[in-house]
Amino acid sequence: REIFNVNYLISNENLKIKKSEHWDGHWRLSLFDIPETKKAARGALVFKLKDLGFVKFNNSVWIYPYECQKEIDFVAEVFEVGKYVHYLTAKSITNEKQLMSKFGLN
């Protein structure tokens, strides 16, 4: 059974993604397929994605409008699931207007 250092979450509460002054029109997606044997790590990753402001796009796909690859890579490595977590940048996406509204983008 996996055990994660709760102190990580506490000591890195201040881990935030710096928002650009102007959105560049690209979406950042964090995709993952973490095995059931690493269920605790998956839960911790999802918790942190929510904490960072990501919106759930699909079960294992989370979306954010600003550059954040370094932060995602860092969190995935801390939870020892880096090889299961992927980062994608997309120029357009379906239901973009709804996403823009969720993030307060014009």
# chains A, B, ... in the order shown; residues from 1 in each chain; ligands from 1

$ select_by_dssp --residues "chain A" --states "alpha helix (DSSP H)" --output "ChimeraX atom specification"
/A:6-11,39-52,69-78,96-102

$ write_last_selection --atoms "N, CA, C and O atoms" --output "CSV table (one decimal), in the first residue's frame"
chain,number,residue,atom,x,y,z
A,6,VAL,N,2.6,13.4,3.8
A,6,VAL,CA,1.6,14.5,3.9
A,6,VAL,C,2.3,15.8,4.0
A,6,VAL,O,1.8,16.9,3.6
A,7,ASN,N,3.5,15.8,4.6
A,7,ASN,CA,4.2,17.1,4.7
A,7,ASN,C,4.5,17.7,3.4
A,7,ASN,O,4.6,18.9,3.2
A,8,TYR,N,4.6,16.9,2.3
A,8,TYR,CA,4.7,17.4,1.0
A,8,TYR,C,3.6,18.4,0.6
A,8,TYR,O,3.8,19.5,0.2
A,9,LEU,N,2.4,17.9,0.8
A,9,LEU,CA,1.2,18.7,0.5
A,9,LEU,C,1.2,20.0,1.4
A,9,LEU,O,0.8,21.1,0.9
A,10,ILE,N,1.5,19.8,2.6
A,10,ILE,CA,1.5,21.0,3.5
A,10,ILE,C,2.6,22.0,3.2
A,10,ILE,O,2.4,23.1,3.0
A,11,SER,N,3.8,21.5,3.0
A,11,SER,CA,5.0,22.4,2.7
A,11,SER,C,4.9,23.0,1.3
A,11,SER,O,5.6,24.0,1.1
A,39,LYS,N,-3.0,3.8,-6.8
A,39,LYS,CA,-4.3,4.6,-6.6
A,39,LYS,C,-4.1,5.8,-5.7
A,39,LYS,O,-4.6,6.9,-6.0
A,40,ALA,N,-3.3,5.7,-4.7
A,40,ALA,CA,-3.1,6.8,-3.7
A,40,ALA,C,-2.4,7.9,-4.5
A,40,ALA,O,-2.7,9.1,-4.3
A,41,ALA,N,-1.4,7.6,-5.3
A,41,ALA,CA,-0.7,8.6,-6.1
A,41,ALA,C,-1.6,9.3,-7.0
A,41,ALA,O,-1.6,10.5,-7.2
A,42,ARG,N,-2.5,8.6,-7.7
A,42,ARG,CA,-3.5,9.1,-8.6
A,42,ARG,C,-4.4,10.1,-7.8
A,42,ARG,O,-4.6,11.2,-8.3
A,43,GLY,N,-4.9,9.7,-6.7
A,43,GLY,CA,-5.7,10.6,-5.9
A,43,GLY,C,-5.0,11.9,-5.5
A,43,GLY,O,-5.6,12.9,-5.5
A,44,ALA,N,-3.7,11.7,-5.1
A,44,ALA,CA,-2.9,12.9,-4.7
A,44,ALA,C,-2.7,13.8,-5.9
A,44,ALA,O,-2.8,15.0,-5.7
A,45,LEU,N,-2.5,13.3,-7.0
A,45,LEU,CA,-2.3,14.1,-8.2
A,45,LEU,C,-3.5,14.8,-8.6
A,45,LEU,O,-3.5,16.1,-8.8
A,46,VAL,N,-4.7,14.2,-8.6
A,46,VAL,CA,-5.9,14.8,-8.9
A,46,VAL,C,-6.2,15.9,-7.8
A,46,VAL,O,-6.6,17.0,-8.2
A,47,PHE,N,-5.9,15.7,-6.6
A,47,PHE,CA,-6.1,16.7,-5.5
A,47,PHE,C,-5.3,17.9,-5.9
A,47,PHE,O,-5.7,19.1,-5.8
A,48,LYS,N,-4.0,17.7,-6.3
A,48,LYS,CA,-3.1,18.8,-6.5
A,48,LYS,C,-3.5,19.6,-7.8
A,48,LYS,O,-3.4,20.8,-7.9
A,49,LEU,N,-4.0,18.8,-8.8
A,49,LEU,CA,-4.5,19.5,-10.0
A,49,LEU,C,-5.6,20.4,-9.7
A,49,LEU,O,-5.7,21.6,-10.2
A,50,LYS,N,-6.6,20.0,-8.9
A,50,LYS,CA,-7.7,20.8,-8.5
A,50,LYS,C,-7.2,22.0,-7.7
A,50,LYS,O,-7.6,23.2,-7.9
A,51,ASP,N,-6.2,21.8,-6.8
A,51,ASP,CA,-5.7,22.9,-6.0
A,51,ASP,C,-5.0,23.9,-6.9
A,51,ASP,O,-5.0,25.1,-6.6
A,52,LEU,N,-4.4,23.5,-8.0
A,52,LEU,CA,-3.7,24.4,-8.9
A,52,LEU,C,-4.6,25.2,-9.8
A,52,LEU,O,-4.2,26.1,-10.5
A,69,GLN,N,3.9,23.3,-17.5
A,69,GLN,CA,4.6,22.0,-17.6
A,69,GLN,C,5.5,21.7,-16.5
A,69,GLN,O,5.6,20.6,-15.9
A,70,LYS,N,6.3,22.7,-16.0
A,70,LYS,CA,7.3,22.5,-15.0
A,70,LYS,C,6.6,22.1,-13.7
A,70,LYS,O,7.0,21.2,-13.0
A,71,GLU,N,5.4,22.7,-13.4
A,71,GLU,CA,4.7,22.4,-12.2
A,71,GLU,C,4.1,21.0,-12.2
A,71,GLU,O,4.2,20.3,-11.3
A,72,ILE,N,3.6,20.6,-13.4
A,72,ILE,CA,3.0,19.3,-13.6
A,72,ILE,C,4.1,18.2,-13.5
A,72,ILE,O,3.9,17.2,-12.8
A,73,ASP,N,5.2,18.5,-14.1
A,73,ASP,CA,6.3,17.5,-14.1
A,73,ASP,C,6.8,17.4,-12.6
A,73,ASP,O,7.0,16.2,-12.2
A,74,PHE,N,6.9,18.5,-11.9
A,74,PHE,CA,7.3,18.4,-10.5
A,74,PHE,C,6.4,17.6,-9.6
A,74,PHE,O,6.8,16.7,-8.9
A,75,VAL,N,5.1,17.9,-9.7
A,75,VAL,CA,4.1,17.1,-8.9
A,75,VAL,C,4.1,15.7,-9.3
A,75,VAL,O,4.1,14.8,-8.4
A,76,ALA,N,4.2,15.4,-10.6
A,76,ALA,CA,4.2,13.9,-11.0
A,76,ALA,C,5.4,13.2,-10.5
A,76,ALA,O,5.3,12.0,-10.0
A,77,GLU,N,6.5,13.9,-10.4
A,77,GLU,CA,7.7,13.2,-9.9
A,77,GLU,C,7.7,13.0,-8.4
A,77,GLU,O,8.1,12.0,-7.9
A,78,VAL,N,7.1,14.0,-7.7
A,78,VAL,CA,7.0,13.9,-6.3
A,78,VAL,C,6.1,12.7,-5.9
A,78,VAL,O,6.5,12.0,-5.0
A,96,GLU,N,-14.9,25.3,-26.3
A,96,GLU,CA,-13.9,26.3,-25.8
A,96,GLU,C,-14.6,27.4,-25.1
A,96,GLU,O,-14.0,27.9,-24.1
A,97,LYS,N,-15.7,27.9,-25.6
A,97,LYS,CA,-16.4,29.0,-24.9
A,97,LYS,C,-16.8,28.7,-23.5
A,97,LYS,O,-16.6,29.5,-22.6
A,98,GLN,N,-17.2,27.5,-23.2
A,98,GLN,CA,-17.5,27.1,-21.8
A,98,GLN,C,-16.3,27.1,-21.0
A,98,GLN,O,-16.3,27.5,-19.8
A,99,LEU,N,-15.2,26.6,-21.5
A,99,LEU,CA,-13.9,26.6,-20.8
A,99,LEU,C,-13.4,28.0,-20.5
A,99,LEU,O,-13.0,28.3,-19.4
A,100,MET,N,-13.5,28.8,-21.5
A,100,MET,CA,-13.1,30.2,-21.3
A,100,MET,C,-13.9,30.9,-20.2
A,100,MET,O,-13.3,31.6,-19.4
A,101,SER,N,-15.2,30.6,-20.2
A,101,SER,CA,-16.0,31.1,-19.1
A,101,SER,C,-15.6,30.6,-17.7
A,101,SER,O,-15.5,31.4,-16.8
A,102,LYS,N,-15.3,29.3,-17.6
A,102,LYS,CA,-14.9,28.8,-16.4
A,102,LYS,C,-13.6,29.4,-15.8
A,102,LYS,O,-13.4,29.5,-14.6

$ residues_around --residues "range 23-34 of chain A" --least-positions-apart "5" --cutoff "8 Å" --atoms "only C-alpha atoms" --output "PyMOL selection string"
chain A and resi 39+42+60-68+72+81+84-93+105

$ select_by_dssp --residues "chain A" --states "strand (DSSP E)" --output "NGL selection string"
:A and (27-32 or 55-58 or 61-64 or 85-90)

$ write_last_selection --atoms "N, CA and C atoms" --output "CSV table (one decimal), in the first residue's frame"
chain,number,residue,atom,x,y,z
A,27,TRP,N,-4.4,25.9,-24.8
A,27,TRP,CA,-4.8,25.1,-23.7
A,27,TRP,C,-3.7,24.1,-23.3
A,28,ARG,N,-3.6,23.9,-22.0
A,28,ARG,CA,-2.6,23.0,-21.5
A,28,ARG,C,-3.4,21.8,-20.8
A,29,LEU,N,-3.1,20.6,-21.3
A,29,LEU,CA,-3.8,19.4,-20.8
A,29,LEU,C,-2.8,18.5,-20.0
A,30,SER,N,-3.2,18.1,-18.9
A,30,SER,CA,-2.5,17.0,-18.2
A,30,SER,C,-3.3,15.7,-18.3
A,31,LEU,N,-2.7,14.8,-18.9
A,31,LEU,CA,-3.3,13.5,-19.2
A,31,LEU,C,-2.6,12.4,-18.4
A,32,PHE,N,-3.3,11.5,-17.9
A,32,PHE,CA,-2.6,10.4,-17.1
A,32,PHE,C,-3.4,9.1,-17.2
A,55,VAL,N,-9.3,22.3,-14.5
A,55,VAL,CA,-10.7,21.9,-14.6
A,55,VAL,C,-10.7,20.5,-15.2
A,56,LYS,N,-11.5,19.6,-14.7
A,56,LYS,CA,-11.6,18.3,-15.2
A,56,LYS,C,-12.3,18.3,-16.6
A,57,PHE,N,-11.6,17.8,-17.6
A,57,PHE,CA,-12.1,17.7,-19.0
A,57,PHE,C,-12.7,16.4,-19.2
A,58,ASN,N,-12.0,15.4,-18.7
A,58,ASN,CA,-12.4,14.0,-18.8
A,58,ASN,C,-11.9,13.2,-17.6
A,61,VAL,N,-8.1,13.5,-17.8
A,61,VAL,CA,-7.7,14.7,-18.6
A,61,VAL,C,-8.1,15.9,-17.8
A,62,TRP,N,-7.1,16.8,-17.5
A,62,TRP,CA,-7.4,18.0,-16.8
A,62,TRP,C,-6.8,19.1,-17.7
A,63,ILE,N,-7.5,20.3,-17.6
A,63,ILE,CA,-7.1,21.4,-18.5
A,63,ILE,C,-6.9,22.7,-17.8
A,64,TYR,N,-6.0,23.5,-18.4
A,64,TYR,CA,-5.6,24.8,-17.8
A,64,TYR,C,-5.2,25.7,-18.9
A,85,VAL,N,2.2,10.3,-16.5
A,85,VAL,CA,1.6,11.6,-16.7
A,85,VAL,C,2.2,12.3,-17.9
A,86,HIS,N,1.3,12.9,-18.7
A,86,HIS,CA,1.7,13.5,-20.0
A,86,HIS,C,1.1,15.0,-20.0
A,87,TYR,N,1.8,15.8,-20.8
A,87,TYR,CA,1.5,17.2,-20.9
A,87,TYR,C,1.3,17.5,-22.4
A,88,LEU,N,0.2,18.2,-22.7
A,88,LEU,CA,-0.1,18.5,-24.1
A,88,LEU,C,-0.6,19.9,-24.2
A,89,THR,N,-0.2,20.6,-25.2
A,89,THR,CA,-0.6,22.0,-25.5
A,89,THR,C,-1.5,21.9,-26.8
A,90,ALA,N,-2.7,22.5,-26.7
A,90,ALA,CA,-3.6,22.5,-27.8
A,90,ALA,C,-4.0,23.9,-28.2
